>>> print(open('run.cif').read())   # mmCIF, C-alpha atoms and all ligand atoms
data_coords
#
loop_
_atom_site.group_PDB
_atom_site.id
_atom_site.type_symbol
_atom_site.label_atom_id
_atom_site.label_comp_id
_atom_site.auth_asym_id
_atom_site.auth_seq_id
_atom_site.Cartn_x
_atom_site.Cartn_y
_atom_site.Cartn_z
ATOM 1 C CA MET M 1 36.743 -1.642 55.061
ATOM 2 C CA ALA M 2 35.193 -4.539 56.959
ATOM 3 C CA ASN M 3 33.101 -7.611 56.265
ATOM 4 C CA TYR M 4 29.401 -7.484 57.027
ATOM 5 C CA SER M 5 26.971 -10.354 56.886
ATOM 6 C CA LEU M 6 23.534 -9.286 55.687
ATOM 7 C CA LYS M 7 20.387 -11.375 55.533
ATOM 8 C CA ILE M 8 18.528 -9.874 52.593
ATOM 9 C CA ASN M 9 15.325 -11.413 51.257
ATOM 10 C CA ASN M 10 16.204 -14.643 53.122
ATOM 11 C CA GLU M 11 19.644 -14.957 51.529
ATOM 12 C CA THR M 12 22.908 -14.233 53.303
ATOM 13 C CA HIS M 13 25.318 -11.845 51.583
ATOM 14 C CA THR M 14 28.765 -10.840 52.736
ATOM 15 C CA VAL M 15 30.017 -7.429 51.690
ATOM 16 C CA ASP M 16 33.324 -5.692 52.283
ATOM 17 C CA VAL M 17 32.626 -1.973 52.717
ATOM 18 C CA SER M 18 33.410 0.784 55.178
ATOM 19 C CA PRO M 19 31.250 0.860 58.319
ATOM 20 C CA ASP M 20 29.558 4.146 57.449
ATOM 21 C CA THR M 21 28.406 3.029 53.986
ATOM 22 C CA PRO M 22 24.633 3.570 53.777
ATOM 23 C CA LEU M 23 22.603 0.382 53.328
ATOM 24 C CA LEU M 24 21.114 1.813 50.101
ATOM 25 C CA TRP M 25 24.589 2.043 48.556
ATOM 26 C CA VAL M 26 25.152 -1.638 49.346
ATOM 27 C CA LEU M 27 21.745 -2.730 48.017
ATOM 28 C CA ARG M 28 22.114 -0.929 44.709
ATOM 29 C CA GLY M 29 25.884 -0.688 44.239
ATOM 30 C CA GLU M 30 27.123 -4.011 45.619
ATOM 31 C CA LEU M 31 24.130 -6.333 45.317
ATOM 32 C CA LYS M 32 22.437 -4.830 42.236
ATOM 33 C CA LEU M 33 19.036 -4.747 43.907
ATOM 34 C CA TYR M 34 17.760 -1.783 41.923
ATOM 35 C CA GLY M 35 14.135 -1.891 43.118
ATOM 36 C CA THR M 36 15.000 0.339 46.072
ATOM 37 C CA LYS M 37 15.366 3.906 44.842
ATOM 38 C CA TYR M 38 17.554 6.878 45.700
ATOM 39 C CA GLY M 39 15.523 10.056 46.061
ATOM 40 C CA CYS M 40 16.902 12.610 48.521
ATOM 41 C CA GLY M 41 19.620 10.741 50.429
ATOM 42 C CA ILE M 42 18.682 12.479 53.682
ATOM 43 C CA ALA M 43 15.705 10.451 55.005
ATOM 44 C CA GLN M 44 13.142 12.948 53.714
ATOM 45 C CA CYS M 45 11.361 11.284 50.776
ATOM 46 C CA GLY M 46 10.896 7.564 51.545
ATOM 47 C CA ALA M 47 11.937 6.321 48.086
ATOM 48 C CA CYS M 48 14.601 4.094 49.660
ATOM 49 C CA THR M 49 12.350 2.404 52.244
ATOM 50 C CA VAL M 50 13.101 -1.236 53.090
ATOM 51 C CA HIS M 51 12.143 -3.391 56.064
ATOM 52 C CA ILE M 52 14.694 -4.087 58.759
ATOM 53 C CA ASP M 53 13.444 -6.674 61.220
ATOM 54 C CA GLY M 54 9.944 -5.872 59.933
ATOM 55 C CA LEU M 55 10.093 -2.090 60.394
ATOM 56 C CA PRO M 56 10.106 0.413 57.509
ATOM 57 C CA ILE M 57 13.514 2.119 57.495
ATOM 58 C CA ARG M 58 15.142 4.681 55.172
ATOM 59 C CA SER M 59 18.044 2.737 53.713
ATOM 60 C CA CYS M 60 19.832 5.921 52.527
ATOM 61 C CA SER M 61 20.418 6.988 56.088
ATOM 62 C CA ILE M 62 21.328 3.845 57.995
ATOM 63 C CA PRO M 63 24.984 2.788 57.990
ATOM 64 C CA ILE M 64 25.817 -0.784 57.202
ATOM 65 C CA GLU M 65 27.417 -1.327 60.610
ATOM 66 C CA ASN M 66 23.946 -0.853 62.157
ATOM 67 C CA VAL M 67 22.276 -3.601 60.126
ATOM 68 C CA ASP M 68 24.868 -6.366 60.431
ATOM 69 C CA ASN M 69 23.042 -9.683 61.062
ATOM 70 C CA LYS M 70 19.595 -8.054 60.857
ATOM 71 C CA SER M 71 16.869 -9.302 58.560
ATOM 72 C CA ILE M 72 16.356 -6.980 55.588
ATOM 73 C CA THR M 73 13.529 -7.159 53.062
ATOM 74 C CA THR M 74 13.541 -5.145 49.856
ATOM 75 C CA ILE M 75 10.773 -4.860 47.260
ATOM 76 C CA GLU M 76 12.361 -7.820 45.437
ATOM 77 C CA GLY M 77 11.784 -10.011 48.505
ATOM 78 C CA LEU M 78 8.155 -9.130 49.113
ATOM 79 C CA SER M 79 6.804 -11.875 46.865
ATOM 80 C CA GLU M 80 8.113 -14.233 44.214
ATOM 81 C CA LYS M 81 5.752 -13.153 41.442
ATOM 82 C CA SER M 82 4.890 -9.597 42.476
ATOM 83 C CA ASP M 83 1.668 -11.014 43.902
ATOM 84 C CA HIS M 84 1.760 -9.784 47.478
ATOM 85 C CA PRO M 85 -1.770 -8.471 48.273
ATOM 86 C CA VAL M 86 -0.427 -4.918 48.409
ATOM 87 C CA GLN M 87 1.259 -5.274 45.014
ATOM 88 C CA MET M 88 -1.965 -6.765 43.584
ATOM 89 C CA ALA M 89 -4.005 -3.852 44.977
ATOM 90 C CA TRP M 90 -1.480 -1.370 43.522
ATOM 91 C CA GLU M 91 -1.968 -2.945 40.135
ATOM 92 C CA ALA M 92 -5.764 -3.118 40.411
ATOM 93 C CA GLU M 93 -5.991 0.552 41.434
ATOM 94 C CA ASP M 94 -3.414 1.551 38.787
ATOM 95 C CA VAL M 95 -1.506 3.519 41.444
ATOM 96 C CA PRO M 96 1.867 4.389 39.868
ATOM 97 C CA GLN M 97 2.402 7.300 37.532
ATOM 98 C CA CYS M 98 6.157 7.643 36.835
ATOM 99 C CA GLY M 99 6.674 4.841 39.392
ATOM 100 C CA TYR M 100 9.841 6.208 40.967
ATOM 101 C CA CYS M 101 8.548 6.460 44.535
ATOM 102 C CA GLN M 102 6.388 3.362 44.435
ATOM 103 C CA SER M 103 8.644 0.647 45.833
ATOM 104 C CA GLY M 104 9.148 2.816 48.913
ATOM 105 C CA GLN M 105 5.407 3.488 49.109
ATOM 106 C CA ILE M 106 4.638 -0.236 48.917
ATOM 107 C CA MET M 107 7.206 -1.163 51.580
ATOM 108 C CA THR M 108 5.733 1.422 53.953
ATOM 109 C CA ALA M 109 2.180 0.251 53.193
ATOM 110 C CA VAL M 110 3.063 -3.394 53.814
ATOM 111 C CA ALA M 111 4.627 -2.518 57.172
ATOM 112 C CA LEU M 112 1.513 -0.505 58.068
ATOM 113 C CA LEU M 113 -0.842 -3.389 57.293
ATOM 114 C CA GLU M 114 1.307 -5.801 59.277
ATOM 115 C CA ARG M 115 0.974 -3.483 62.276
ATOM 116 C CA ILE M 116 -2.629 -2.313 61.702
ATOM 117 C CA PRO M 117 -4.574 -4.750 59.483
ATOM 118 C CA ASN M 118 -7.523 -2.422 58.898
ATOM 119 C CA PRO M 119 -6.260 1.166 59.098
ATOM 120 C CA THR M 120 -8.429 4.287 59.120
ATOM 121 C CA ASP M 121 -7.764 7.208 56.753
ATOM 122 C CA GLU M 122 -5.959 8.986 59.575
ATOM 123 C CA GLU M 123 -3.754 5.982 60.314
ATOM 124 C CA ILE M 124 -2.948 5.629 56.615
ATOM 125 C CA ASN M 125 -2.089 9.325 56.320
ATOM 126 C CA ARG M 126 0.095 9.192 59.421
ATOM 127 C CA ALA M 127 1.989 6.077 58.296
ATOM 128 C CA MET M 128 2.459 7.240 54.697
ATOM 129 C CA LYS M 129 3.192 10.923 55.240
ATOM 130 C CA GLY M 130 6.984 10.501 54.991
ATOM 131 C CA ASN M 131 6.717 8.927 51.530
ATOM 132 C CA ILE M 132 6.682 11.730 48.989
ATOM 133 C CA CYS M 133 5.201 11.276 45.519
ATOM 134 C CA ARG M 134 5.990 14.083 43.108
ATOM 135 C CA CYS M 135 3.312 12.729 40.750
ATOM 136 C CA GLY M 136 0.651 13.096 43.450
ATOM 137 C CA THR M 137 -0.705 9.535 43.511
ATOM 138 C CA TYR M 138 -1.773 9.842 47.151
ATOM 139 C CA SER M 139 -5.498 9.215 46.723
ATOM 140 C CA ARG M 140 -4.867 6.041 44.702
ATOM 141 C CA ILE M 141 -2.334 4.879 47.314
ATOM 142 C CA CYS M 142 -4.965 5.309 50.018
ATOM 143 C CA LYS M 143 -7.546 3.371 47.964
ATOM 144 C CA ALA M 144 -5.070 0.576 47.274
ATOM 145 C CA ILE M 145 -4.155 0.218 50.942
ATOM 146 C CA LYS M 146 -7.841 -0.154 51.822
ATOM 147 C CA ALA M 147 -8.359 -2.685 49.037
ATOM 148 C CA ALA M 148 -5.306 -4.670 50.175
ATOM 149 C CA ALA M 149 -6.582 -4.635 53.762
ATOM 150 C CA LYS M 150 -9.894 -6.131 52.572
ATOM 151 C CA ASN M 151 -8.139 -8.787 50.488
ATOM 152 C CA ILE M 152 -5.843 -9.783 53.341
ATOM 153 C CA GLU M 153 -8.835 -9.985 55.704
ATOM 154 C CA SER M 154 -10.965 -12.213 53.414
HETATM 155 S S1 LIG F 1 16.397 8.537 49.449
HETATM 156 FE FE1 LIG F 1 16.140 7.826 51.446
HETATM 157 S S2 LIG F 1 14.519 8.995 52.248
HETATM 158 FE FE2 LIG F 1 14.924 9.881 50.304
HETATM 159 S S1 LIG F 2 4.633 7.928 40.947
HETATM 160 FE FE1 LIG F 2 6.021 9.442 40.276
HETATM 161 S S2 LIG F 2 7.004 10.077 42.103
HETATM 162 FE FE2 LIG F 2 5.410 8.811 42.789
#
>>> encode(input="run.cif", output="structure tokens")
Amino acid sequence: MANYSLKINNETHTVDVSPDTPLLWVLRGELKLYGTKYGCGIAQCGACTVHIDGLPIRSCSIPIENVDNKSITTIEGLSEKSDHPVQMAWEAEDVPQCGYCQSGQIMTAVALLERIPNPTDEEINRAMKGNICRCGTYSRICKAIKAAAKNIES
């Protein structure tokens, strides 16, 4: 066990866990941030996506020792009232079905729009292809990303 200092959603948290503990275990188990989901546990589905220093990362597969002192954002930290433009577009387009994959989808979409403010279909498909949705909401996700891009632009 060792102490790690994590900056999560602009708050500093200290946790005492073993170095190889996956970040997702700390988010959900230690800090009770349940918005980030466990899907596959092997970096294949994207349900656990969070931002680390602004990049979308699979939190199930990154050990805590690798994120010490880095800036982490989870779905809870995206906006105070769930009113980030991407969240608003998700609501307007009625994207979620069961909802399980959606926090990961949104975190990946936000990172995409920060990197490419007005993405093409191909850029959206490339960025989102690692986020699996067993309910098949892909076309609504694509529409919502385009709507969010327009809203951010205007
Ligand atoms: S739970 Fe992390 S990628 Fe599936
Ligand atoms: S909305 Fe059900 S898994 Fe994506």
>>> resolve_selection(input="run.cif", expression="the PyMOL selection byres (((chain M and resi 75) around 12) and not hetatm)", output="CSV table (one decimal) with C-alpha atoms, in the frame of the given file")
chain,number,residue,atom,x,y,z
M,8,ILE,CA,18.5,-9.9,52.6
M,9,ASN,CA,15.3,-11.4,51.3
M,27,LEU,CA,21.7,-2.7,48.0
M,33,LEU,CA,19.0,-4.7,43.9
M,34,TYR,CA,17.8,-1.8,41.9
M,35,GLY,CA,14.1,-1.9,43.1
M,36,THR,CA,15.0,0.3,46.1
M,37,LYS,CA,15.4,3.9,44.8
M,47,ALA,CA,11.9,6.3,48.1
M,48,CYS,CA,14.6,4.1,49.7
M,49,THR,CA,12.4,2.4,52.2
M,50,VAL,CA,13.1,-1.2,53.1
M,51,HIS,CA,12.1,-3.4,56.1
M,56,PRO,CA,10.1,0.4,57.5
M,72,ILE,CA,16.4,-7.0,55.6
M,73,THR,CA,13.5,-7.2,53.1
M,74,THR,CA,13.5,-5.1,49.9
M,76,GLU,CA,12.4,-7.8,45.4
M,77,GLY,CA,11.8,-10.0,48.5
M,78,LEU,CA,8.2,-9.1,49.1
M,79,SER,CA,6.8,-11.9,46.9
M,80,GLU,CA,8.1,-14.2,44.2
M,81,LYS,CA,5.8,-13.2,41.4
M,82,SER,CA,4.9,-9.6,42.5
M,83,ASP,CA,1.7,-11.0,43.9
M,84,HIS,CA,1.8,-9.8,47.5
M,86,VAL,CA,-0.4,-4.9,48.4
M,87,GLN,CA,1.3,-5.3,45.0
M,101,CYS,CA,8.5,6.5,44.5
M,102,GLN,CA,6.4,3.4,44.4
M,103,SER,CA,8.6,0.6,45.8
M,104,GLY,CA,9.1,2.8,48.9
M,105,GLN,CA,5.4,3.5,49.1
M,106,ILE,CA,4.6,-0.2,48.9
M,107,MET,CA,7.2,-1.2,51.6
M,108,THR,CA,5.7,1.4,54.0
M,109,ALA,CA,2.2,0.3,53.2
M,110,VAL,CA,3.1,-3.4,53.8
M,111,ALA,CA,4.6,-2.5,57.2
>>> closest_residue(input="run.cif", among="M:Ile57, M:Leu24, M:Ile64, M:Cys45", to="Ser5 of chain M", atoms="all atoms listed in the file")
M:Ile64
>>> residues_near_ligand(input="run.cif", ligand="ligand LIG 2 (chain F)", cutoff="9 Å", atoms="all atoms listed in the file", output="list of chain:residue names")
M:Ala47, M:Val95, M:Pro96, M:Gln97, M:Cys98, M:Gly99, M:Tyr100, M:Cys101, M:Gln102, M:Gln105, M:Asn131, M:Ile132, M:Cys133, M:Arg134, M:Cys135, M:Gly136, M:Thr137, M:Tyr138
>>> axis_aligned_box(input="run.cif", around="ligand LIG 1 (chain F)", padding_each_side="8 Å", output="lines of an AutoDock Vina configuration file")
center_x = 15.5
center_y = 8.9
center_z = 50.8
size_x = 17.9
size_y = 18.1
size_z = 18.8
>>> residues_near_ligand(input="run.cif", ligand="ligand LIG 1 (chain F)", cutoff="6 Å", atoms="all atoms listed in the file", output="JSON, numbers by chain")
{"M": [38, 39, 40, 41, 42, 43, 44, 45, 46, 47, 48, 58, 59, 60]}
>>> closest_residue(input="run.cif", among="M:Leu6, M:Ala127, M:Pro117, M:Asp94", to="Lys146 of chain M", atoms="all atoms listed in the file")
M:Pro117
>>> atom_distance(input="run.cif", atom1="atom CA of Thr21 of chain M", atom2="atom CA of Met1 of chain M")
9.6 Å
>>> atom_distance(input="run.cif", atom1="atom CA of Ala92 of chain M", atom2="atom CA of Ile141 of chain M")
11.1 Å
>>> atom_distance(input="run.cif", atom1="atom CA of Glu122 of chain M", atom2="atom CA of Ala144 of chain M")
14.9 Å
>>> resolve_selection(input="run.cif", expression="the PyMOL selection byres (((chain M and resi 53) around 8) and not hetatm)", output="PyMOL selection string")
chain M and resi 51-52+54-55+70-72
>>> closest_residue(input="run.cif", among="M:Asn66, M:Asn125, M:Asn118, M:Ser139", to="Ser154 of chain M", atoms="only C-alpha atoms")
M:Asn118
>>> residues_around(input="run.cif", residues="Ala2 of chain M", least_positions_apart="3", cutoff="10 Å", atoms="all atoms listed in the file", output="number ranges by chain")
M: 14-19, 65
>>> closest_residue(input="run.cif", among="M:Arg140, M:Glu93, M:Met88, M:Ile152", to="Ile116 of chain M", atoms="all atoms listed in the file")
M:Ile152
>>> closest_residue(input="run.cif", among="M:Pro85, M:Arg115, M:Thr120, M:Met128", to="Ala148 of chain M", atoms="only C-alpha atoms")
M:Pro85
>>> decode(input="run.cif", residues="segment 28-63 of chain M", atoms="N, CA and C atoms", output="short mmCIF file (atom, residue, chain, number, x, y, z; two decimals), in the first residue's frame")
data_model
loop_
_atom_site.label_atom_id
_atom_site.label_comp_id
_atom_site.auth_asym_id
_atom_site.auth_seq_id
_atom_site.Cartn_x
_atom_site.Cartn_y
_atom_site.Cartn_z
N ARG M 28 -14.44 4.33 -8.23
CA ARG M 28 -15.72 3.76 -7.78
C ARG M 28 -15.65 3.24 -6.35
N GLY M 29 -14.57 2.51 -6.02
CA GLY M 29 -14.50 1.84 -4.73
C GLY M 29 -14.11 2.76 -3.59
N GLU M 30 -13.14 3.64 -3.83
CA GLU M 30 -12.63 4.49 -2.74
C GLU M 30 -13.38 5.83 -2.70
N LEU M 31 -13.62 6.41 -3.86
CA LEU M 31 -14.15 7.78 -3.90
C LEU M 31 -15.65 7.84 -4.21
N LYS M 32 -16.25 6.69 -4.48
CA LYS M 32 -17.70 6.61 -4.72
C LYS M 32 -18.16 7.49 -5.88
N LEU M 33 -17.31 7.60 -6.87
CA LEU M 33 -17.69 8.31 -8.10
C LEU M 33 -18.22 7.26 -9.08
N TYR M 34 -19.52 7.01 -9.00
CA TYR M 34 -20.10 5.88 -9.71
C TYR M 34 -20.48 6.19 -11.16
N GLY M 35 -20.26 7.42 -11.61
CA GLY M 35 -20.61 7.76 -13.00
C GLY M 35 -19.74 7.03 -14.01
N THR M 36 -18.53 6.70 -13.64
CA THR M 36 -17.63 5.96 -14.53
C THR M 36 -17.91 4.47 -14.37
N LYS M 37 -18.16 3.80 -15.49
CA LYS M 37 -18.66 2.43 -15.43
C LYS M 37 -17.60 1.37 -15.71
N TYR M 38 -17.83 0.19 -15.13
CA TYR M 38 -17.01 -0.98 -15.43
C TYR M 38 -17.73 -1.81 -16.49
N GLY M 39 -17.05 -2.02 -17.62
CA GLY M 39 -17.65 -2.85 -18.66
C GLY M 39 -16.88 -4.14 -18.84
N CYS M 40 -15.68 -4.04 -19.43
CA CYS M 40 -14.90 -5.24 -19.75
C CYS M 40 -13.70 -5.43 -18.82
N GLY M 41 -13.14 -4.33 -18.34
CA GLY M 41 -11.95 -4.41 -17.48
C GLY M 41 -10.65 -4.64 -18.23
N ILE M 42 -10.71 -4.67 -19.55
CA ILE M 42 -9.48 -4.94 -20.33
C ILE M 42 -9.31 -3.93 -21.48
N ALA M 43 -9.76 -2.71 -21.27
CA ALA M 43 -9.54 -1.62 -22.25
C ALA M 43 -10.15 -1.88 -23.62
N GLN M 44 -11.29 -2.62 -23.64
CA GLN M 44 -11.88 -2.96 -24.93
C GLN M 44 -13.24 -2.32 -25.19
N CYS M 45 -13.88 -1.72 -24.17
CA CYS M 45 -15.26 -1.27 -24.40
C CYS M 45 -15.46 0.24 -24.23
N GLY M 46 -14.59 0.90 -23.48
CA GLY M 46 -14.68 2.36 -23.32
C GLY M 46 -15.63 2.85 -22.25
N ALA M 47 -16.33 1.93 -21.57
CA ALA M 47 -17.31 2.37 -20.55
C ALA M 47 -16.64 3.15 -19.41
N CYS M 48 -15.38 2.90 -19.19
CA CYS M 48 -14.67 3.48 -18.03
C CYS M 48 -13.86 4.72 -18.40
N THR M 49 -14.13 5.32 -19.56
CA THR M 49 -13.29 6.42 -20.04
C THR M 49 -13.38 7.66 -19.15
N VAL M 50 -12.21 8.18 -18.78
CA VAL M 50 -12.11 9.47 -18.08
C VAL M 50 -11.04 10.29 -18.81
N HIS M 51 -10.89 11.54 -18.43
CA HIS M 51 -9.80 12.33 -19.00
C HIS M 51 -8.63 12.37 -18.02
N ILE M 52 -7.46 12.16 -18.54
CA ILE M 52 -6.24 12.35 -17.73
C ILE M 52 -5.39 13.35 -18.48
N ASP M 53 -5.17 14.49 -17.83
CA ASP M 53 -4.51 15.63 -18.48
C ASP M 53 -5.14 15.89 -19.86
N GLY M 54 -6.47 15.82 -19.91
CA GLY M 54 -7.22 16.19 -21.11
C GLY M 54 -7.38 15.08 -22.14
N LEU M 55 -6.73 13.95 -21.96
CA LEU M 55 -6.83 12.87 -22.95
C LEU M 55 -7.79 11.78 -22.46
N PRO M 56 -8.57 11.19 -23.39
CA PRO M 56 -9.48 10.12 -22.97
C PRO M 56 -8.71 8.83 -22.71
N ILE M 57 -8.84 8.31 -21.49
CA ILE M 57 -8.05 7.14 -21.07
C ILE M 57 -8.99 6.12 -20.44
N ARG M 58 -8.70 4.84 -20.66
CA ARG M 58 -9.49 3.75 -20.06
C ARG M 58 -9.05 3.56 -18.61
N SER M 59 -9.90 3.96 -17.69
CA SER M 59 -9.49 3.94 -16.28
C SER M 59 -9.39 2.54 -15.70
N CYS M 60 -9.96 1.52 -16.40
CA CYS M 60 -9.85 0.14 -15.89
C CYS M 60 -8.46 -0.42 -16.08
N SER M 61 -7.69 0.22 -16.94
CA SER M 61 -6.42 -0.40 -17.34
C SER M 61 -5.21 0.49 -17.07
N ILE M 62 -5.39 1.51 -16.25
CA ILE M 62 -4.23 2.34 -15.90
C ILE M 62 -4.03 2.27 -14.39
N PRO M 63 -2.85 1.82 -13.96
CA PRO M 63 -2.61 1.70 -12.52
C PRO M 63 -2.46 3.06 -11.86
#
